[in-house]
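Structure file upload09.pdb (PDB, C-alpha atoms) is printed below.
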```pdb
ATOM      1  CA  MET A   6     141.621  90.994  90.141  1.00  0.00           C
ATOM      2  CA  GLN A   7     140.411  93.705  87.750  1.00  0.00           C
ATOM      3  CA  TRP A   8     143.983  94.962  87.320  1.00  0.00           C
ATOM      4  CA  LEU A   9     145.066  91.477  86.343  1.00  0.00           C
ATOM      5  CA  VAL A  10     142.388  91.327  83.644  1.00  0.00           C
ATOM      6  CA  VAL A  11     143.365  94.802  82.386  1.00  0.00           C
ATOM      7  CA  LEU A  12     147.051  93.855  82.369  1.00  0.00           C
ATOM      8  CA  LEU A  13     146.269  90.641  80.487  1.00  0.00           C
ATOM      9  CA  PHE A  14     144.198  92.569  77.946  1.00  0.00           C
ATOM     10  CA  ILE A  15     146.967  95.136  77.411  1.00  0.00           C
ATOM     11  CA  SER A  16     149.560  92.362  77.051  1.00  0.00           C
ATOM     12  CA  ILE A  17     147.465  90.609  74.413  1.00  0.00           C
ATOM     13  CA  ALA A  18     146.841  93.883  72.561  1.00  0.00           C
ATOM     14  CA  LEU A  19     150.580  94.682  72.535  1.00  0.00           C
ATOM     15  CA  TRP A  20     151.386  91.184  71.327  1.00  0.00           C
ATOM     16  CA  PHE A  21     148.889  91.522  68.438  1.00  0.00           C
ATOM     17  CA  TRP A  22     150.298  94.942  67.539  1.00  0.00           C
ATOM     18  CA  PHE A  23     153.843  93.556  67.506  1.00  0.00           C
ATOM     19  CA  PHE A  24     152.745  90.459  65.586  1.00  0.00           C
ATOM     20  CA  TYR A  25     151.019  92.498  62.871  1.00  0.00           C
ATOM     21  CA  ARG A  26     153.983  94.832  62.449  1.00  0.00           C
ATOM     22  CA  GLN A  27     156.429  91.948  61.961  1.00  0.00           C
ATOM     23  CA  GLN A  28     154.583  90.247  59.106  1.00  0.00           C
ATOM     24  CA  LYS A  29     156.297  89.629  55.801  1.00  0.00           C
ATOM     25  CA  SER A  30     154.806  90.487  52.450  1.00  0.00           C
ATOM     26  CA  LEU A  31     155.004  89.182  48.939  1.00  0.00           C
ATOM     27  CA  PRO A  32     156.874  91.467  46.535  1.00  0.00           C
ATOM     28  CA  LEU A  33     154.980  93.249  43.802  1.00  0.00           C
ATOM     29  CA  HIS A  34     155.366  91.930  40.247  1.00  0.00           C
ATOM     30  CA  GLN A  35     156.313  88.416  41.357  1.00  0.00           C
ATOM     31  CA  ALA A  36     154.253  85.402  40.327  1.00  0.00           C
ATOM     32  CA  ALA A  37     151.327  84.922  42.677  1.00  0.00           C
ATOM     33  CA  PRO A  38     151.409  81.658  44.634  1.00  0.00           C
ATOM     34  CA  ASP A  39     149.235  78.967  43.089  1.00  0.00           C
ATOM     35  CA  PHE A  40     146.262  77.492  44.904  1.00  0.00           C
ATOM     36  CA  ASN A  41     143.929  74.543  44.489  1.00  0.00           C
ATOM     37  CA  LEU A  42     140.866  75.094  46.661  1.00  0.00           C
ATOM     38  CA  THR A  43     137.176  74.209  46.686  1.00  0.00           C
ATOM     39  CA  ASP A  44     134.451  76.855  46.538  1.00  0.00           C
ATOM     40  CA  GLN A  45     131.017  76.984  48.177  1.00  0.00           C
ATOM     41  CA  PHE A  46     129.619  74.653  45.470  1.00  0.00           C
ATOM     42  CA  GLY A  47     132.392  72.066  45.724  1.00  0.00           C
ATOM     43  CA  LYS A  48     134.108  73.237  42.524  1.00  0.00           C
ATOM     44  CA  MET A  49     137.926  73.317  42.499  1.00  0.00           C
ATOM     45  CA  HIS A  50     139.721  76.513  41.497  1.00  0.00           C
ATOM     46  CA  THR A  51     143.390  77.139  40.716  1.00  0.00           C
ATOM     47  CA  LEU A  52     145.251  80.320  39.913  1.00  0.00           C
ATOM     48  CA  GLU A  53     145.717  79.028  36.368  1.00  0.00           C
ATOM     49  CA  ASP A  54     141.918  79.101  35.892  1.00  0.00           C
ATOM     50  CA  PHE A  55     142.150  82.901  35.906  1.00  0.00           C
ATOM     51  CA  ARG A  56     145.104  83.298  33.525  1.00  0.00           C
ATOM     52  CA  GLY A  57     144.363  86.046  31.031  1.00  0.00           C
ATOM     53  CA  LYS A  58     142.098  87.928  33.440  1.00  0.00           C
ATOM     54  CA  TRP A  59     142.660  90.278  36.312  1.00  0.00           C
ATOM     55  CA  LEU A  60     141.944  88.646  39.660  1.00  0.00           C
ATOM     56  CA  ALA A  61     140.884  90.318  42.879  1.00  0.00           C
ATOM     57  CA  LEU A  62     141.929  87.720  45.456  1.00  0.00           C
ATOM     58  CA  TYR A  63     140.895  88.749  48.930  1.00  0.00           C
ATOM     59  CA  PHE A  64     141.507  87.005  52.224  1.00  0.00           C
ATOM     60  CA  TYR A  65     139.072  87.564  55.069  1.00  0.00           C
ATOM     61  CA  PRO A  66     138.884  86.309  58.665  1.00  0.00           C
ATOM     62  CA  LYS A  67     135.427  84.730  59.084  1.00  0.00           C
ATOM     63  CA  ASP A  68     132.153  84.209  57.228  1.00  0.00           C
ATOM     64  CA  ASP A  69     129.129  86.215  58.324  1.00  0.00           C
ATOM     65  CA  THR A  70     130.931  88.598  60.697  1.00  0.00           C
ATOM     66  CA  PRO A  71     130.306  92.352  60.418  1.00  0.00           C
ATOM     67  CA  GLY A  72     133.578  93.402  58.728  1.00  0.00           C
ATOM     68  CA  CYS A  73     133.733  90.373  56.457  1.00  0.00           C
ATOM     69  CA  THR A  74     130.117  90.861  55.422  1.00  0.00           C
ATOM     70  CA  LYS A  75     130.773  94.520  54.628  1.00  0.00           C
ATOM     71  CA  GLN A  76     133.824  93.591  52.533  1.00  0.00           C
ATOM     72  CA  ALA A  77     132.052  90.765  50.682  1.00  0.00           C
ATOM     73  CA  CYS A  78     129.003  92.928  49.962  1.00  0.00           C
ATOM     74  CA  GLY A  79     131.324  95.662  48.672  1.00  0.00           C
ATOM     75  CA  PHE A  80     132.771  93.211  46.159  1.00  0.00           C
ATOM     76  CA  ARG A  81     129.246  91.983  45.357  1.00  0.00           C
ATOM     77  CA  ASP A  82     128.111  95.550  44.663  1.00  0.00           C
ATOM     78  CA  GLU A  83     131.151  96.282  42.437  1.00  0.00           C
ATOM     79  CA  LEU A  84     131.144  92.858  40.754  1.00  0.00           C
ATOM     80  CA  GLN A  85     129.558  93.935  37.465  1.00  0.00           C
ATOM     81  CA  GLU A  86     131.953  96.856  37.032  1.00  0.00           C
ATOM     82  CA  LEU A  87     134.927  94.653  37.906  1.00  0.00           C
ATOM     83  CA  THR A  88     133.725  92.013  35.449  1.00  0.00           C
ATOM     84  CA  ASP A  89     133.347  94.696  32.771  1.00  0.00           C
ATOM     85  CA  LEU A  90     137.013  95.575  33.426  1.00  0.00           C
ATOM     86  CA  GLY A  91     138.013  91.940  32.826  1.00  0.00           C
ATOM     87  CA  ALA A  92     138.431  91.047  36.487  1.00  0.00           C
ATOM     88  CA  GLN A  93     137.224  88.119  38.559  1.00  0.00           C
ATOM     89  CA  VAL A  94     136.718  88.180  42.332  1.00  0.00           C
ATOM     90  CA  ILE A  95     137.568  85.393  44.771  1.00  0.00           C
ATOM     91  CA  GLY A  96     137.312  85.416  48.553  1.00  0.00           C
ATOM     92  CA  ILE A  97     139.357  83.037  50.701  1.00  0.00           C
ATOM     93  CA  SER A  98     139.082  82.202  54.394  1.00  0.00           C
ATOM     94  CA  VAL A  99     139.841  79.198  56.573  1.00  0.00           C
ATOM     95  CA  ASP A 100     136.110  78.464  56.941  1.00  0.00           C
ATOM     96  CA  ASP A 101     134.807  75.349  55.209  1.00  0.00           C
ATOM     97  CA  SER A 102     132.698  75.127  52.040  1.00  0.00           C
ATOM     98  CA  ASN A 103     129.441  74.696  53.968  1.00  0.00           C
ATOM     99  CA  SER A 104     130.043  77.897  55.895  1.00  0.00           C
ATOM    100  CA  HIS A 105     130.890  79.654  52.624  1.00  0.00           C
ATOM    101  CA  ALA A 106     127.685  78.330  51.011  1.00  0.00           C
ATOM    102  CA  HIS A 107     125.505  79.754  53.799  1.00  0.00           C
ATOM    103  CA  PHE A 108     127.373  83.067  53.734  1.00  0.00           C
ATOM    104  CA  ALA A 109     127.139  83.365  49.936  1.00  0.00           C
ATOM    105  CA  GLN A 110     123.446  82.492  49.901  1.00  0.00           C
ATOM    106  CA  LYS A 111     122.551  84.844  52.758  1.00  0.00           C
ATOM    107  CA  PHE A 112     124.190  87.837  51.040  1.00  0.00           C
ATOM    108  CA  GLN A 113     123.729  86.854  47.367  1.00  0.00           C
ATOM    109  CA  LEU A 114     127.466  86.641  46.742  1.00  0.00           C
ATOM    110  CA  GLN A 115     127.934  85.657  43.092  1.00  0.00           C
ATOM    111  CA  PHE A 116     131.655  84.937  43.197  1.00  0.00           C
ATOM    112  CA  PRO A 117     133.647  81.987  44.531  1.00  0.00           C
ATOM    113  CA  LEU A 118     134.476  81.770  48.225  1.00  0.00           C
ATOM    114  CA  LEU A 119     137.331  79.307  48.586  1.00  0.00           C
ATOM    115  CA  ALA A 120     137.823  77.082  51.622  1.00  0.00           C
ATOM    116  CA  ASP A 121     141.439  77.164  52.821  1.00  0.00           C
ATOM    117  CA  THR A 122     140.726  75.014  55.870  1.00  0.00           C
ATOM    118  CA  THR A 123     144.395  74.189  56.480  1.00  0.00           C
ATOM    119  CA  GLY A 124     145.473  77.812  56.050  1.00  0.00           C
ATOM    120  CA  ALA A 125     148.203  76.752  53.592  1.00  0.00           C
ATOM    121  CA  VAL A 126     147.233  79.209  50.852  1.00  0.00           C
ATOM    122  CA  ALA A 127     146.818  82.084  53.309  1.00  0.00           C
ATOM    123  CA  LYS A 128     150.270  81.225  54.644  1.00  0.00           C
ATOM    124  CA  HIS A 129     151.803  81.356  51.134  1.00  0.00           C
ATOM    125  CA  TYR A 130     150.276  84.821  50.716  1.00  0.00           C
ATOM    126  CA  HIS A 131     151.563  85.888  54.157  1.00  0.00           C
ATOM    127  CA  SER A 132     147.937  86.280  55.195  1.00  0.00           C
ATOM    128  CA  LEU A 133     147.562  83.672  57.942  1.00  0.00           C
ATOM    129  CA  ILE A 134     147.311  84.379  61.623  1.00  0.00           C
ATOM    130  CA  HIS A 135     147.923  81.215  63.618  1.00  0.00           C
ATOM    131  CA  LEU A 136     147.579  81.432  67.386  1.00  0.00           C
ATOM    132  CA  GLY A 137     147.903  77.899  68.695  1.00  0.00           C
ATOM    133  CA  ILE A 138     144.616  76.176  67.898  1.00  0.00           C
ATOM    134  CA  ILE A 139     143.091  79.362  66.472  1.00  0.00           C
ATOM    135  CA  LYS A 140     143.807  80.366  62.900  1.00  0.00           C
ATOM    136  CA  PHE A 141     142.224  82.847  60.569  1.00  0.00           C
ATOM    137  CA  ALA A 142     143.072  84.826  57.487  1.00  0.00           C
ATOM    138  CA  ARG A 143     144.306  88.382  57.659  1.00  0.00           C
ATOM    139  CA  ARG A 144     142.220  90.927  55.704  1.00  0.00           C
ATOM    140  CA  ASN A 145     144.678  91.263  52.798  1.00  0.00           C
ATOM    141  CA  THR A 146     143.737  91.658  49.149  1.00  0.00           C
ATOM    142  CA  PHE A 147     145.861  90.966  46.093  1.00  0.00           C
ATOM    143  CA  LEU A 148     145.207  92.311  42.622  1.00  0.00           C
ATOM    144  CA  ILE A 149     146.756  89.785  40.244  1.00  0.00           C
ATOM    145  CA  ASP A 150     147.375  90.733  36.620  1.00  0.00           C
ATOM    146  CA  PRO A 151     146.436  88.577  33.591  1.00  0.00           C
ATOM    147  CA  GLN A 152     149.947  87.038  33.555  1.00  0.00           C
ATOM    148  CA  GLY A 153     149.513  85.827  37.144  1.00  0.00           C
ATOM    149  CA  LYS A 154     151.746  88.448  38.776  1.00  0.00           C
ATOM    150  CA  ILE A 155     150.907  90.539  41.815  1.00  0.00           C
ATOM    151  CA  ALA A 156     150.040  94.047  40.659  1.00  0.00           C
ATOM    152  CA  ARG A 157     148.780  95.538  43.961  1.00  0.00           C
ATOM    153  CA  ILE A 158     148.600  94.483  47.592  1.00  0.00           C
ATOM    154  CA  TYR A 159     146.150  95.898  50.126  1.00  0.00           C
ATOM    155  CA  HIS A 160     147.441  95.021  53.605  1.00  0.00           C
ATOM    156  CA  SER A 161     144.834  95.184  56.355  1.00  0.00           C
ATOM    157  CA  ALA A 162     142.335  96.213  53.701  1.00  0.00           C
ATOM    158  CA  SER A 163     139.449  98.425  54.690  1.00  0.00           C
ATOM    159  CA  ALA A 164     136.307  96.290  54.712  1.00  0.00           C
ATOM    160  CA  ALA A 165     134.221  99.284  53.647  1.00  0.00           C
ATOM    161  CA  ARG A 166     136.518 100.624  50.902  1.00  0.00           C
ATOM    162  CA  ASN A 167     138.442  97.602  49.584  1.00  0.00           C
ATOM    163  CA  ALA A 168     136.313  96.839  46.521  1.00  0.00           C
ATOM    164  CA  ASN A 169     136.120 100.468  45.422  1.00  0.00           C
ATOM    165  CA  GLU A 170     139.857 101.076  45.959  1.00  0.00           C
ATOM    166  CA  LEU A 171     140.684  97.960  43.975  1.00  0.00           C
ATOM    167  CA  LYS A 172     138.338  98.987  41.142  1.00  0.00           C
ATOM    168  CA  ASN A 173     139.934 102.453  40.955  1.00  0.00           C
ATOM    169  CA  ASP A 174     143.449 100.970  40.963  1.00  0.00           C
ATOM    170  CA  LEU A 175     142.443  98.521  38.252  1.00  0.00           C
ATOM    171  CA  LEU A 176     141.156 101.393  36.103  1.00  0.00           C
ATOM    172  CA  ASN A 177     144.436 103.271  36.627  1.00  0.00           C
ATOM    173  CA  LEU A 178     146.596 100.230  35.870  1.00  0.00           C
ATOM    174  CA  GLN A 179     144.662  99.497  32.701  1.00  0.00           C
ATOM    175  CA  ALA A 180     145.016 103.121  31.589  1.00  0.00           C
ATOM    176  CA  VAL A 181     148.779 102.975  32.124  1.00  0.00           C
ATOM    177  CA  ILE A 182     149.019  99.711  30.170  1.00  0.00           C
ATOM    178  CA  LYS A 183     146.897 101.146  27.363  1.00  0.00           C
ATOM    179  CA  ASN A 184     149.083 104.257  27.144  1.00  0.00           C
ATOM    180  CA  ASN A 185     152.378 102.327  27.493  1.00  0.00           C
ATOM    181  CA  PRO A 186     151.907  98.983  25.751  1.00  0.00           C
ATOM    182  CA  HIS A 187     155.585  97.999  26.086  1.00  0.00           C
TER     183      HIS A 187
END
```

Serialized structure, structure tokens:
Amino acid sequence: MQWLVVLLFISIALWFWFFYRQQKSLPLHQAAPDFNLTDQFGKMHTLEDFRGKWLALYFYPKDDTPGCTKQACGFRDELQELTDLGAQVIGISVDDSNSHAHFAQKFQLQFPLLADTTGAVAKHYHSLIHLGIIKFARRNTFLIDPQGKIARIYHSASAARNANELKNDLLNLQAVIKNNPH
């Protein structure tokens, strides 16, 4: 019986590995897919709301889990510096607005957490994992430029380093743009 459990576990692990390796990605420099989602306060947000600003759009699996908390708190801790660089931060998961509200309040998250309860937006960003009745967002982050185009993609982003990596890339991108305005 133990061998059966081990074999089942190995089969599931191999399936996940294969599944992750076969995922598609959005191309860089294409227009980011639009969204129309509600945040933890019930306010609607669209991609167009952020036109003219840099946007750190990060997908995460589940509110109030260790990795997702680490990632969200990383963005919280870098929020002022990102704002000073002209960037906004948005988190998206398939959890509902009530779950987002508790999560945001518990960890003093001062940026919108959008409820993609159907998973449609995560799917458009190739960031949805759908296993029968279970669905969750993949930990992918997109840096979207002020024109609404994808400037950087962080696949399977590091929960601990994502915010800092994004901030450093944003600094580098802005330096390149400043030095090459055309």

- request: Let me know the residues the PyMOL selection byres ((chain A and resi 64) around 8) catches in the file above, as an MDAnalysis selection string.
  value: chainID A and resid 62:63 65:66 96:98 127 132 142:146

message: I need the output of the PyMOL selection byres ((chain A and resi 159) around 7) for this file as a ChimeraX atom specification; which residues are they?
response: /A:145-147,157-158,160-162

message: Please expand the PyMOL selection byres ((chain A and resi 76-87) around 6) into the concrete residues it hits in this file, giving the result as a list in words.
response: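 The output of the PyMOL selection byres ((chain A and resi 76-87) around 6) on this file is Cys73, Thr74, Lys75, Thr88, Asp89, Leu90, Ala92, Leu114, Ala164, Ala165 and Ala168 of chain A.
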
- request: Write out as an MDAnalysis selection string which residues come within 7 Å of Asp101 in chain A when counting all atoms listed in the file, dropping same-chain ones fewer than 4 positions away.
  value: chainID A and resid 105 120 122

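Counting from CA of Lys154 in chain A, the distance to CA of Leu33 in chain A is 7.7 Å.
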
query: Quick one: distance from CA of Asp121 in chain A to CA of Leu178 in chain A in Å, one decimal?
result: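 So the answer is 29.1 Å.
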
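From CA of Leu52 in chain A back to CA of Pro38 in chain A, the distance works out to 7.9 Å.
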
Would you compute an axis-aligned box for range 91-109 of chain A, covering every atom listed for it in the file with 3 Å of margin on each side, and report centre and edge lengths in Å to one decimal as lines of an AutoDock Vina configuration file?
```
center_x = 132.7
center_y = 83.3
center_z = 44.9
size_x = 20.3
size_y = 23.2
size_z = 30.1
```

query: Nearest to Lys67 in chain A: which of A:Val126, A:Met49, A:Leu42, A:Ile139 is it, counting all atoms listed in the file?
result: A:Ile139

Please supply range 97-115 of chain A, rebuilt with N, CA and C atoms, as a tab-separated table (two decimals), in the frame of the given file.
```
chain	number	residue	atom	x	y	z
A	97	ILE	N	138.78	84.23	50.07
A	97	ILE	CA	139.36	83.04	50.70
A	97	ILE	C	139.38	83.25	52.21
A	98	SER	N	138.92	82.23	52.94
A	98	SER	CA	139.08	82.20	54.39
A	98	SER	C	139.34	80.76	54.81
A	99	VAL	N	139.59	80.55	56.08
A	99	VAL	CA	139.84	79.20	56.57
A	99	VAL	C	138.54	78.48	56.93
A	100	ASP	N	137.40	79.13	56.73
A	100	ASP	CA	136.11	78.46	56.94
A	100	ASP	C	135.92	77.39	55.88
A	101	ASP	N	135.03	76.44	56.16
A	101	ASP	CA	134.81	75.35	55.21
A	101	ASP	C	133.77	75.73	54.15
A	102	SER	N	133.60	74.86	53.16
A	102	SER	CA	132.70	75.13	52.04
A	102	SER	C	131.25	75.30	52.47
A	103	ASN	N	130.82	74.55	53.48
A	103	ASN	CA	129.44	74.70	53.97
A	103	ASN	C	129.20	76.07	54.56
A	104	SER	N	130.15	76.55	55.33
A	104	SER	CA	130.04	77.90	55.90
A	104	SER	C	130.01	78.93	54.78
A	105	HIS	N	130.87	78.74	53.77
A	105	HIS	CA	130.89	79.65	52.62
A	105	HIS	C	129.55	79.64	51.88
A	106	ALA	N	128.95	78.45	51.73
A	106	ALA	CA	127.68	78.33	51.01
A	106	ALA	C	126.58	79.12	51.72
A	107	HIS	N	126.52	79.00	53.03
A	107	HIS	CA	125.50	79.75	53.80
A	107	HIS	C	125.75	81.26	53.69
A	108	PHE	N	127.00	81.66	53.82
A	108	PHE	CA	127.37	83.07	53.73
A	108	PHE	C	127.02	83.63	52.36
A	109	ALA	N	127.39	82.91	51.31
A	109	ALA	CA	127.14	83.36	49.94
A	109	ALA	C	125.64	83.46	49.66
A	110	GLN	N	124.89	82.48	50.13
A	110	GLN	CA	123.45	82.49	49.90
A	110	GLN	C	122.78	83.63	50.67
A	111	LYS	N	123.16	83.81	51.91
A	111	LYS	CA	122.55	84.84	52.76
A	111	LYS	C	122.72	86.24	52.17
A	112	PHE	N	123.90	86.49	51.54
A	112	PHE	CA	124.19	87.84	51.04
A	112	PHE	C	124.27	87.91	49.51
A	113	GLN	N	123.75	86.89	48.83
A	113	GLN	CA	123.73	86.85	47.37
A	113	GLN	C	125.10	87.16	46.76
A	114	LEU	N	126.10	86.47	47.24
A	114	LEU	CA	127.47	86.64	46.74
A	114	LEU	C	127.63	85.76	45.51
A	115	GLN	N	127.89	86.37	44.36
A	115	GLN	CA	127.93	85.66	43.09
A	115	GLN	C	129.36	85.39	42.62
```
